[in-house]
>>> print(open('model03.tsv').read())   # TSV, C-alpha atoms and all ligand atoms
chain	number	residue	atom	x	y	z
A	1	MET	CA	-6.79	109.88	-38.47
A	2	THR	CA	-10.37	108.81	-39.21
A	3	ARG	CA	-12.67	109.43	-36.25
A	4	VAL	CA	-15.52	107.02	-35.58
A	5	GLY	CA	-18.24	107.99	-33.13
A	6	ILE	CA	-20.05	105.36	-31.08
A	7	PRO	CA	-23.28	106.61	-29.45
A	8	GLN	CA	-23.51	105.50	-25.83
A	9	GLY	CA	-26.98	103.93	-26.07
A	10	LEU	CA	-28.81	100.71	-27.02
A	11	PHE	CA	-26.33	97.89	-27.76
A	12	TYR	CA	-23.40	100.02	-26.61
A	13	PHE	CA	-23.68	98.18	-23.30
A	14	TYR	CA	-23.19	94.83	-25.02
A	15	HIS	CA	-21.03	95.55	-28.05
A	16	TYR	CA	-18.78	98.54	-27.28
A	17	PRO	CA	-15.59	96.51	-26.59
A	18	LEU	CA	-16.06	94.72	-29.93
A	19	TRP	CA	-16.38	97.90	-32.00
A	20	LYS	CA	-13.85	99.94	-30.03
A	21	THR	CA	-11.23	97.22	-30.53
A	22	PHE	CA	-12.18	96.67	-34.16
A	23	PHE	CA	-11.95	100.31	-35.22
A	24	SER	CA	-8.85	101.01	-33.11
A	25	ASP	CA	-7.06	98.02	-34.66
A	26	LEU	CA	-7.92	99.42	-38.09
A	27	GLY	CA	-6.20	102.66	-37.14
A	28	ALA	CA	-9.25	104.82	-36.37
A	29	GLU	CA	-9.80	107.04	-33.37
A	30	VAL	CA	-12.92	105.98	-31.45
A	31	ILE	CA	-14.96	108.60	-29.62
A	32	THR	CA	-18.20	108.20	-27.68
A	33	SER	CA	-21.12	110.47	-26.91
A	34	GLY	CA	-20.61	110.19	-23.13
A	35	PRO	CA	-23.03	109.02	-20.45
A	36	THR	CA	-26.74	109.81	-20.77
A	37	SER	CA	-27.74	113.09	-19.13
A	38	ARG	CA	-31.07	114.92	-18.80
A	39	GLN	CA	-30.00	116.95	-21.84
A	40	THR	CA	-29.45	113.75	-23.89
A	41	ILE	CA	-32.98	112.65	-23.02
A	42	ASP	CA	-34.52	116.04	-23.88
A	43	VAL	CA	-32.68	116.30	-27.22
A	44	GLY	CA	-33.68	112.72	-28.02
A	45	ILE	CA	-37.34	113.48	-27.27
A	46	ASP	CA	-37.15	116.47	-29.64
A	47	HIS	CA	-35.75	114.40	-32.53
A	48	ALA	CA	-37.48	111.02	-32.22
A	49	VAL	CA	-41.07	110.26	-33.11
A	50	ASP	CA	-43.42	110.41	-30.10
A	51	GLU	CA	-44.41	106.73	-30.31
A	52	CYS	CA	-40.87	105.46	-29.66
A	53	CYS	CA	-39.87	103.88	-26.37
A	54	LEU	CA	-37.52	105.77	-24.04
A	55	PRO	CA	-34.28	103.89	-24.99
A	56	ILE	CA	-34.78	104.75	-28.67
A	57	LYS	CA	-35.44	108.40	-27.83
A	58	VAL	CA	-32.30	108.45	-25.70
A	59	TYR	CA	-30.33	106.93	-28.58
A	60	PHE	CA	-31.40	109.80	-30.81
A	61	GLY	CA	-30.07	112.15	-28.13
A	62	HIS	CA	-26.72	110.32	-28.18
A	63	VAL	CA	-26.47	110.52	-31.97
A	64	TYR	CA	-27.17	114.26	-31.76
A	65	GLN	CA	-24.46	114.69	-29.09
A	66	MET	CA	-22.10	112.62	-31.23
A	67	MET	CA	-22.70	114.95	-34.18
A	68	GLN	CA	-21.47	117.90	-32.10
A	69	GLN	CA	-18.02	116.25	-31.96
A	70	GLN	CA	-17.96	116.09	-35.78
A	71	PRO	CA	-16.68	112.55	-36.29
A	72	ASP	CA	-16.06	111.24	-39.82
A	73	TYR	CA	-18.53	108.39	-39.27
A	74	ILE	CA	-21.09	107.40	-36.67
A	75	LEU	CA	-21.62	103.72	-35.99
A	76	VAL	CA	-25.35	102.89	-36.03
A	77	PRO	CA	-25.57	99.16	-36.78
A	78	ARG	CA	-28.70	97.70	-38.26
A	79	LEU	CA	-29.26	94.92	-35.75
A	80	ILE	CA	-31.58	92.15	-36.82
A	81	SER	CA	-30.41	89.11	-34.91
A	82	THR	CA	-27.46	88.33	-32.68
A	83	GLU	CA	-28.25	84.59	-32.52
A	84	HIS	CA	-29.43	82.14	-35.12
A	85	ARG	CA	-33.22	82.36	-35.66
A	86	SER	CA	-33.79	84.63	-32.69
A	87	TYR	CA	-34.44	88.30	-33.25
A	88	ILE	CA	-33.93	91.74	-31.78
A	89	CYS	CA	-36.80	94.25	-31.58
A	90	PRO	CA	-37.66	95.55	-35.09
A	91	LYS	CA	-36.97	99.14	-33.99
A	92	PHE	CA	-33.24	98.32	-34.21
A	93	MET	CA	-33.65	97.35	-37.82
A	94	GLY	CA	-34.99	100.73	-38.83
A	95	ILE	CA	-32.91	102.98	-36.61
A	96	PRO	CA	-30.29	104.05	-39.26
A	97	ASP	CA	-33.16	105.08	-41.59
A	98	MET	CA	-35.01	106.92	-38.80
A	99	ILE	CA	-31.82	108.83	-37.97
A	100	ARG	CA	-31.11	109.78	-41.58
A	101	ALA	CA	-34.71	110.96	-41.95
A	102	THR	CA	-34.78	113.09	-38.80
A	103	MET	CA	-31.15	114.30	-38.72
A	104	PRO	CA	-30.20	115.17	-42.31
A	105	ASP	CA	-26.96	116.90	-41.20
A	106	CYS	CA	-25.66	113.73	-39.61
A	107	PRO	CA	-22.18	112.54	-40.75
A	108	PRO	CA	-22.17	109.30	-42.80
A	109	LEU	CA	-23.50	106.39	-40.79
A	110	ILE	CA	-21.79	103.01	-40.60
A	111	ASP	CA	-24.95	100.94	-40.70
A	112	ILE	CA	-23.51	97.46	-41.00
A	113	THR	CA	-26.22	94.80	-40.89
A	114	ILE	CA	-25.83	92.30	-38.06
A	115	ASP	CA	-28.04	89.36	-38.83
A	116	CYS	CA	-26.75	86.11	-37.38
A	117	SER	CA	-29.73	84.26	-38.85
A	118	ARG	CA	-28.15	84.67	-42.29
A	119	GLU	CA	-25.19	82.66	-43.47
A	120	THR	CA	-22.00	83.63	-41.65
A	121	ARG	CA	-20.22	84.41	-44.91
A	122	GLN	CA	-22.67	87.25	-45.53
A	123	LEU	CA	-21.73	88.84	-42.22
A	124	TRP	CA	-18.04	88.44	-43.09
A	125	ARG	CA	-18.63	90.00	-46.49
A	126	ASP	CA	-20.13	93.07	-44.76
A	127	ILE	CA	-17.25	93.21	-42.27
A	128	TYR	CA	-14.67	93.06	-45.08
A	129	GLN	CA	-16.60	95.78	-46.86
A	130	LEU	CA	-16.44	97.89	-43.70
A	131	GLY	CA	-12.67	97.30	-43.54
A	132	THR	CA	-12.26	98.90	-46.97
A	133	LEU	CA	-13.48	102.22	-45.48
A	134	PHE	CA	-10.23	102.20	-43.49
A	135	LYS	CA	-8.17	100.83	-46.40
A	136	ALA	CA	-7.60	97.62	-44.45
A	137	SER	CA	-6.85	94.28	-46.08
A	138	ARG	CA	-9.21	91.33	-45.58
A	139	LYS	CA	-6.61	89.71	-43.35
A	140	SER	CA	-6.24	92.68	-41.00
A	141	THR	CA	-10.02	93.30	-40.99
A	142	LYS	CA	-10.60	89.68	-39.96
A	143	ALA	CA	-7.92	89.90	-37.26
A	144	ALA	CA	-9.42	93.16	-35.92
A	145	TYR	CA	-12.94	91.71	-35.75
A	146	GLU	CA	-11.75	88.52	-34.05
A	147	HIS	CA	-9.77	90.60	-31.56
A	148	GLY	CA	-12.95	92.61	-30.89
A	149	LEU	CA	-14.95	89.44	-30.24
A	150	GLN	CA	-12.27	88.27	-27.84
A	151	GLU	CA	-12.39	91.56	-25.90
A	152	MET	CA	-16.19	91.39	-25.77
A	153	ARG	CA	-15.96	87.90	-24.26
A	154	SER	CA	-13.48	89.09	-21.63
A	155	LEU	CA	-15.97	91.78	-20.61
A	156	ARG	CA	-18.73	89.16	-20.32
A	157	VAL	CA	-16.59	87.25	-17.81
A	158	LEU	CA	-16.59	90.34	-15.57
A	159	VAL	CA	-20.36	90.78	-15.97
A	160	ARG	CA	-20.91	87.15	-14.95
A	161	GLN	CA	-19.05	87.95	-11.72
A	162	GLY	CA	-21.74	90.51	-10.83
A	163	TYR	CA	-20.46	93.79	-12.32
A	164	THR	CA	-22.88	95.74	-14.46
A	165	PRO	CA	-21.71	96.11	-18.09
A	166	GLY	CA	-20.97	99.80	-17.32
A	167	GLU	CA	-18.72	98.87	-14.37
A	168	ALA	CA	-17.12	96.06	-16.34
A	169	MET	CA	-16.38	98.49	-19.16
A	170	GLN	CA	-14.66	100.84	-16.72
A	171	LEU	CA	-12.50	97.96	-15.48
A	172	TRP	CA	-11.82	96.91	-19.05
A	173	GLU	CA	-10.79	100.40	-20.17
A	174	ASN	CA	-8.71	101.14	-17.06
A	175	ASN	CA	-6.84	97.83	-16.93
A	176	GLY	CA	-8.71	96.46	-13.93
A	177	GLU	CA	-9.01	99.76	-12.01
A	178	GLY	CA	-12.55	100.57	-10.91
A	179	GLN	CA	-15.38	99.70	-8.57
A	180	THR	CA	-15.11	96.57	-6.42
A	181	LEU	CA	-18.16	94.54	-5.47
A	182	ASP	CA	-19.43	94.74	-1.90
A	183	ASN	CA	-20.73	91.36	-0.79
A	184	ASN	CA	-21.96	92.42	2.68
A	185	SER	CA	-25.67	92.33	2.03
A	186	ASP	CA	-28.48	90.68	3.97
A	187	ILE	CA	-30.89	90.39	1.04
A	188	CYS	CA	-30.40	89.43	-2.57
A	189	VAL	CA	-32.52	90.82	-5.40
A	190	GLY	CA	-32.61	89.54	-8.98
A	191	VAL	CA	-32.96	92.41	-11.46
A	192	LEU	CA	-34.28	92.01	-14.99
A	193	GLY	CA	-34.73	94.39	-17.90
A	194	HIS	CA	-33.33	95.28	-21.30
A	195	GLY	CA	-29.64	96.02	-20.79
A	196	TYR	CA	-29.81	99.37	-22.55
A	197	SER	CA	-32.37	100.64	-20.04
A	198	LEU	CA	-31.25	98.76	-16.95
A	199	TYR	CA	-27.51	99.52	-17.24
A	200	ASP	CA	-27.95	103.15	-18.21
A	201	PRO	CA	-28.20	104.94	-14.83
A	202	ALA	CA	-30.10	107.90	-16.35
A	203	ILE	CA	-32.78	105.69	-17.92
A	204	SER	CA	-33.13	103.26	-15.03
A	205	LEU	CA	-33.01	106.12	-12.50
A	206	ASN	CA	-29.98	104.36	-11.04
A	207	LEU	CA	-32.06	101.36	-10.01
A	208	ILE	CA	-29.13	98.98	-9.48
A	209	GLN	CA	-27.09	101.38	-7.36
A	210	ARG	CA	-30.20	102.32	-5.35
A	211	LEU	CA	-30.79	98.67	-4.50
A	212	ARG	CA	-27.15	98.30	-3.48
A	213	ASP	CA	-27.44	101.44	-1.33
A	214	LEU	CA	-30.45	99.82	0.36
A	215	GLY	CA	-28.19	96.93	1.37
A	216	CYS	CA	-29.08	94.47	-1.40
A	217	LYS	CA	-26.86	92.18	-3.35
A	218	VAL	CA	-27.99	92.53	-6.96
A	219	VAL	CA	-28.02	89.52	-9.28
A	220	LEU	CA	-28.23	90.33	-12.98
A	221	LEU	CA	-29.58	88.21	-15.76
A	222	GLU	CA	-26.06	87.87	-17.18
A	223	SER	CA	-24.88	86.18	-13.96
A	224	CYS	CA	-27.34	83.30	-14.43
A	225	SER	CA	-25.99	80.17	-16.09
A	226	ARG	CA	-26.68	80.46	-19.81
A	227	ASP	CA	-27.56	76.76	-20.13
A	228	LEU	CA	-30.04	76.94	-17.25
A	229	VAL	CA	-31.65	80.09	-18.70
A	230	GLU	CA	-32.13	78.42	-22.10
A	231	GLN	CA	-33.39	75.24	-20.44
A	232	GLU	CA	-36.02	77.16	-18.45
A	233	ALA	CA	-37.04	79.29	-21.45
A	234	ALA	CA	-37.50	76.10	-23.50
A	235	ARG	CA	-40.10	74.87	-20.98
A	236	LEU	CA	-42.50	77.62	-22.07
A	237	PRO	CA	-45.30	76.39	-24.33
A	238	LYS	CA	-44.14	78.58	-27.22
A	239	LYS	CA	-40.65	79.72	-28.21
A	240	VAL	CA	-40.04	83.39	-27.53
A	241	PHE	CA	-38.21	84.53	-30.65
A	242	TRP	CA	-36.98	87.82	-29.19
A	243	THR	CA	-33.46	87.19	-27.92
A	244	LEU	CA	-33.65	89.58	-24.96
A	245	GLY	CA	-37.22	88.63	-24.06
A	246	ARG	CA	-36.35	84.93	-24.01
A	247	LYS	CA	-33.30	85.54	-21.84
A	248	MET	CA	-35.37	87.61	-19.41
A	249	LEU	CA	-38.07	84.95	-19.15
A	250	GLY	CA	-35.55	82.13	-18.70
A	251	SER	CA	-33.60	84.15	-16.11
A	252	ALA	CA	-36.80	84.99	-14.21
A	253	LEU	CA	-37.60	81.28	-13.94
A	254	VAL	CA	-34.03	80.48	-12.82
A	255	MET	CA	-34.15	83.28	-10.22
A	256	ASP	CA	-37.58	82.12	-9.04
A	257	GLN	CA	-36.08	78.73	-8.12
A	258	SER	CA	-32.81	80.01	-6.72
A	259	GLU	CA	-32.47	79.68	-2.93
A	260	ASP	CA	-30.09	82.65	-2.83
A	261	ILE	CA	-32.50	85.19	-4.32
A	262	ASP	CA	-35.12	86.82	-2.08
A	263	GLY	CA	-37.08	88.84	-4.62
A	264	ILE	CA	-37.18	89.90	-8.26
A	265	VAL	CA	-37.50	93.37	-9.81
A	266	TYR	CA	-38.32	93.81	-13.51
A	267	LEU	CA	-37.66	97.14	-15.19
A	268	ALA	CA	-39.94	97.72	-18.18
A	269	CYS	CA	-40.17	100.69	-20.54
A	270	PHE	CA	-43.48	102.36	-21.24
A	271	GLY	CA	-44.31	102.00	-24.93
A	272	CYS	CA	-42.26	98.82	-25.35
A	273	GLY	CA	-44.21	96.11	-27.21
A	274	PRO	CA	-42.03	93.14	-26.12
A	275	ASP	CA	-42.00	94.33	-22.47
A	276	SER	CA	-45.79	94.54	-22.34
A	277	MET	CA	-45.92	90.82	-23.15
A	278	VAL	CA	-42.73	89.48	-21.52
A	279	GLY	CA	-43.28	91.50	-18.32
A	280	ASP	CA	-46.78	90.09	-18.03
A	281	ILE	CA	-45.65	86.48	-18.58
A	282	VAL	CA	-42.83	86.92	-16.05
A	283	SER	CA	-45.25	88.28	-13.43
A	284	ARG	CA	-47.49	85.22	-13.94
A	285	LYS	CA	-44.67	82.67	-13.93
A	286	VAL	CA	-42.76	83.93	-10.89
A	287	ASN	CA	-44.59	82.06	-8.12
A	288	HIS	CA	-42.04	81.53	-5.37
A	289	LYS	CA	-40.56	84.99	-4.89
A	290	PRO	CA	-41.93	88.48	-4.28
A	291	PHE	CA	-41.96	90.25	-7.64
A	292	MET	CA	-42.11	93.93	-8.56
A	293	LEU	CA	-42.63	95.39	-12.03
A	294	VAL	CA	-41.33	98.94	-12.46
A	295	THR	CA	-42.40	100.74	-15.64
A	296	ILE	CA	-40.49	103.89	-16.56
A	297	ASP	CA	-40.76	106.62	-19.16
A	298	GLU	CA	-39.18	110.04	-19.63
A	299	HIS	CA	-41.45	111.53	-16.94
A	300	SER	CA	-40.63	109.02	-14.20
A	301	GLY	CA	-39.24	110.53	-11.02
A	302	GLU	CA	-36.51	109.23	-8.75
A	303	GLY	CA	-38.57	109.84	-5.60
A	304	GLY	CA	-41.35	107.47	-6.64
A	305	LEU	CA	-38.89	104.74	-7.56
A	306	LEU	CA	-36.96	105.06	-4.31
A	307	THR	CA	-40.15	104.77	-2.24
A	308	ARG	CA	-41.15	101.60	-4.07
A	309	LEU	CA	-37.69	100.06	-3.74
A	310	GLU	CA	-37.54	100.87	-0.01
A	311	ALA	CA	-40.96	99.29	0.53
A	312	PHE	CA	-39.93	96.21	-1.46
A	313	CYS	CA	-36.70	95.75	0.52
A	314	ASP	CA	-38.54	96.26	3.85
A	315	MET	CA	-41.01	93.59	2.82
A	316	LEU	CA	-38.20	91.16	1.90
A	317	ARG	CA	-36.53	91.73	5.28
A	318	ARG	CA	-39.81	91.25	7.19
A	319	LYS	CA	-40.38	88.03	5.23
A	320	GLN	CA	-36.91	86.80	6.20
A	321	VAL	CA	-37.61	87.47	9.90
A	322	ARG	CA	-41.03	85.79	9.71
A	323	GLU	CA	-39.56	82.70	8.08
A	324	LEU	CA	-36.84	82.54	10.73
A	325	GLU	CA	-39.43	82.83	13.53
A	326	SER	CA	-41.63	80.15	12.02
A	327	ASN	CA	-38.64	77.78	12.25
A	328	ILE	CA	-38.37	78.22	16.03
A	329	PRO	CA	-40.13	75.32	17.77
A	330	ALA	CA	-42.87	76.22	20.27
A	331	TYR	CA	-40.77	74.83	23.16
A	332	GLY	CA	-37.82	77.07	22.18
A	333	PHE	CA	-34.31	76.19	21.13
A	334	TYR	CA	-32.98	75.28	24.60
A	335	ALA	CA	-35.75	73.00	25.93
A	336	HIS	CA	-33.40	70.02	26.13
A	337	SER	CA	-30.16	71.73	26.99
A	338	HIS	CA	-28.59	71.27	30.44
A	401	LIG	S1	-37.59	96.05	-27.11
A	401	LIG	FE1	-38.86	97.65	-26.24
A	401	LIG	S2	-37.43	99.00	-25.16
A	401	LIG	FE2	-36.24	97.77	-26.63
A	401	LIG	S3	-36.14	99.00	-28.47
A	401	LIG	FE3	-37.88	97.61	-28.70
A	401	LIG	S4	-39.64	98.79	-27.99
A	401	LIG	FE4	-37.79	99.81	-27.25
>>> encode(input="model03.tsv", output="structure tokens")
Amino acid sequence: MTRVGIPQGLFYFYHYPLWKTFFSDLGAEVITSGPTSRQTIDVGIDHAVDECCLPIKVYFGHVYQMMQQQPDYILVPRLISTEHRSYICPKFMGIPDMIRATMPDCPPLIDITIDCSRETRQLWRDIYQLGTLFKASRKSTKAAYEHGLQEMRSLRVLVRQGYTPGEAMQLWENNGEGQTLDNNSDICVGVLGHGYSLYDPAISLNLIQRLRDLGCKVVLLESCSRDLVEQEAARLPKKVFWTLGRKMLGSALVMDQSEDIDGIVYLACFGCGPDSMVGDIVSRKVNHKPFMLVTIDEHSGEGGLLTRLEAFCDMLRRKQVRELESNIPAYGFYAHSH
């Protein structure tokens, strides 16, 4: 049986159900590189160029770990755009070439080009071409890809309910068995960031779980209404043509107006071009809620992050108490009671 390796980094958090279903339906065995560990990060740092952002370095680490399992192919898509005329960071475009250049012993890469700004038939032509690797007919390749899209949509439903993509994937793989959401929280924090850093506990230093442990309900960008996010993003003077950047900006504006959200945390990666601009615009546009920008790199420590998150949550709670007190009339609540 042909073995296809899927590195557990970058768009894994968005597209894994699609590719897992697709390759499995075509009769392949799908293996992954496993969750990010300190070793993944260190190996990635050794293989990637110094100028790369942390998520790209980590991806190199995953590809290296994948190689150790000796799959027949490793899936490293060349992502250009996932929506019409809206683009993904150019680093994704060059990643198959960077990997071939720095890891010459790597098994053959499946570097299918995903560019939804081209005509759809070109994407289908590439998908059919990929099917021939597994000796699949056009009909079964089409059915496998459509099945994959359907599975990816079912995962998105779970993410909209408040699960992180990692938790949703666990539920998806274990037929609904996994973590349940705890809704007993006194404060609610909106969290923004690129999914591949935010939803990878090793990269984000477990930011989401830390907030939950501090008693927060966490609202993710994927839980915001898609129409509202696009509507808010369209109010900006200039269109943001990065898909993820536009979604983050739109979600920040939606969260800023939401009565349920007490504060917003934005996780940025050091060395990320889009973050340096989007993070700055978000911090200027969020005017109604306390906002905290956390920038991480491979040297960031958990202790520093925890201290900042604790201080942020304390501040949100103090603000809640102050607002409650300012609603108490000077004569008290019971001045007219008998
Ligand atoms: S958007 Fe930023 S974090 Fe994402 S791959 Fe590009 S440079 Fe790296």
>>> residues_near_ligand(input="model03.tsv", ligand="ligand LIG 401 (chain A)", cutoff="6 Å", atoms="only C-alpha atoms and all ligand atoms", output="PyMOL selection string")
chain A and resi 53+55-56+89+91+269+272-275
>>> residues_around(input="model03.tsv", residues="Gly148 of chain A", least_positions_apart="3", cutoff="7 Å", atoms="all atoms listed in the file", output="NGL selection string")
:A and (17-19 or 21-22 or 144-145 or 151-152)
>>> atom_distance(input="model03.tsv", atom1="atom CA of Asp297 of chain A", atom2="atom CA of Ile80 of chain A")
24.6 Å
>>> closest_residue(input="model03.tsv", among="A:Gly5, A:Gly44, A:Tyr16, A:Leu198", to="Ile110 of chain A", atoms="all atoms listed in the file")
A:Gly5
>>> closest_residue(input="model03.tsv", among="A:Thr164, A:Trp172, A:Ile114, A:Asp186", to="Leu214 of chain A", atoms="all atoms listed in the file")
A:Asp186
>>> closest_residue(input="model03.tsv", among="A:Ser37, A:Gln179, A:Gln69, A:Thr243", to="His194 of chain A", atoms="only C-alpha atoms")
A:Thr243
>>> closest_residue(input="model03.tsv", among="A:Glu222, A:Glu173, A:Asp105, A:Asp314", to="Ser251 of chain A", atoms="all atoms listed in the file")
A:Glu222
>>> residues_around(input="model03.tsv", residues="Ile261 of chain A", least_positions_apart="5", cutoff="8 Å", atoms="all atoms listed in the file", output="ChimeraX atom specification")
/A:187-190,219,255-256
>>> closest_residue(input="model03.tsv", among="A:Asp126, A:Glu83, A:Asp111, A:Glu232", to="Lys285 of chain A", atoms="only C-alpha atoms")
A:Glu232
>>> closest_residue(input="model03.tsv", among="A:Arg308, A:Arg317, A:Arg118, A:His47", to="Ser86 of chain A", atoms="only C-alpha atoms")
A:Arg118
>>> residues_around(input="model03.tsv", residues="Phe13 of chain A", least_positions_apart="3", cutoff="9 Å", atoms="only C-alpha atoms", output="number ranges by chain")
A: 8-10, 16-17, 165-166, 169, 195-196, 199-200
>>> write_last_selection(input="model03.tsv", atoms="C-alpha atoms", output="JSON list (two decimals), in the frame of the given file")
[["chain", "number", "residue", "atom", "x", "y", "z"],
["A", 8, "GLN", "CA", -23.51, 105.50, -25.83],
["A", 9, "GLY", "CA", -26.98, 103.93, -26.07],
["A", 10, "LEU", "CA", -28.81, 100.71, -27.02],
["A", 16, "TYR", "CA", -18.78, 98.54, -27.28],
["A", 17, "PRO", "CA", -15.59, 96.51, -26.59],
["A", 165, "PRO", "CA", -21.71, 96.11, -18.09],
["A", 166, "GLY", "CA", -20.97, 99.80, -17.32],
["A", 169, "MET", "CA", -16.38, 98.49, -19.16],
["A", 195, "GLY", "CA", -29.64, 96.02, -20.79],
["A", 196, "TYR", "CA", -29.81, 99.37, -22.55],
["A", 199, "TYR", "CA", -27.51, 99.52, -17.24],
["A", 200, "ASP", "CA", -27.95, 103.15, -18.21]]
>>> atom_distance(input="model03.tsv", atom1="atom CA of Phe60 of chain A", atom2="atom CA of Leu79 of chain A")
15.8 Å
>>> residues_around(input="model03.tsv", residues="Arg38 of chain A", least_positions_apart="4", cutoff="9 Å", atoms="all atoms listed in the file", output="PDB file with C-alpha atoms, keeping the file's coordinate frame")
ATOM      1  CA  ASP A  42     -34.520 116.040 -23.880  1.00  0.00           C
ATOM      2  CA  VAL A  43     -32.680 116.300 -27.220  1.00  0.00           C
ATOM      3  CA  ALA A 202     -30.100 107.900 -16.350  1.00  0.00           C
TER       4      ALA A 202
END
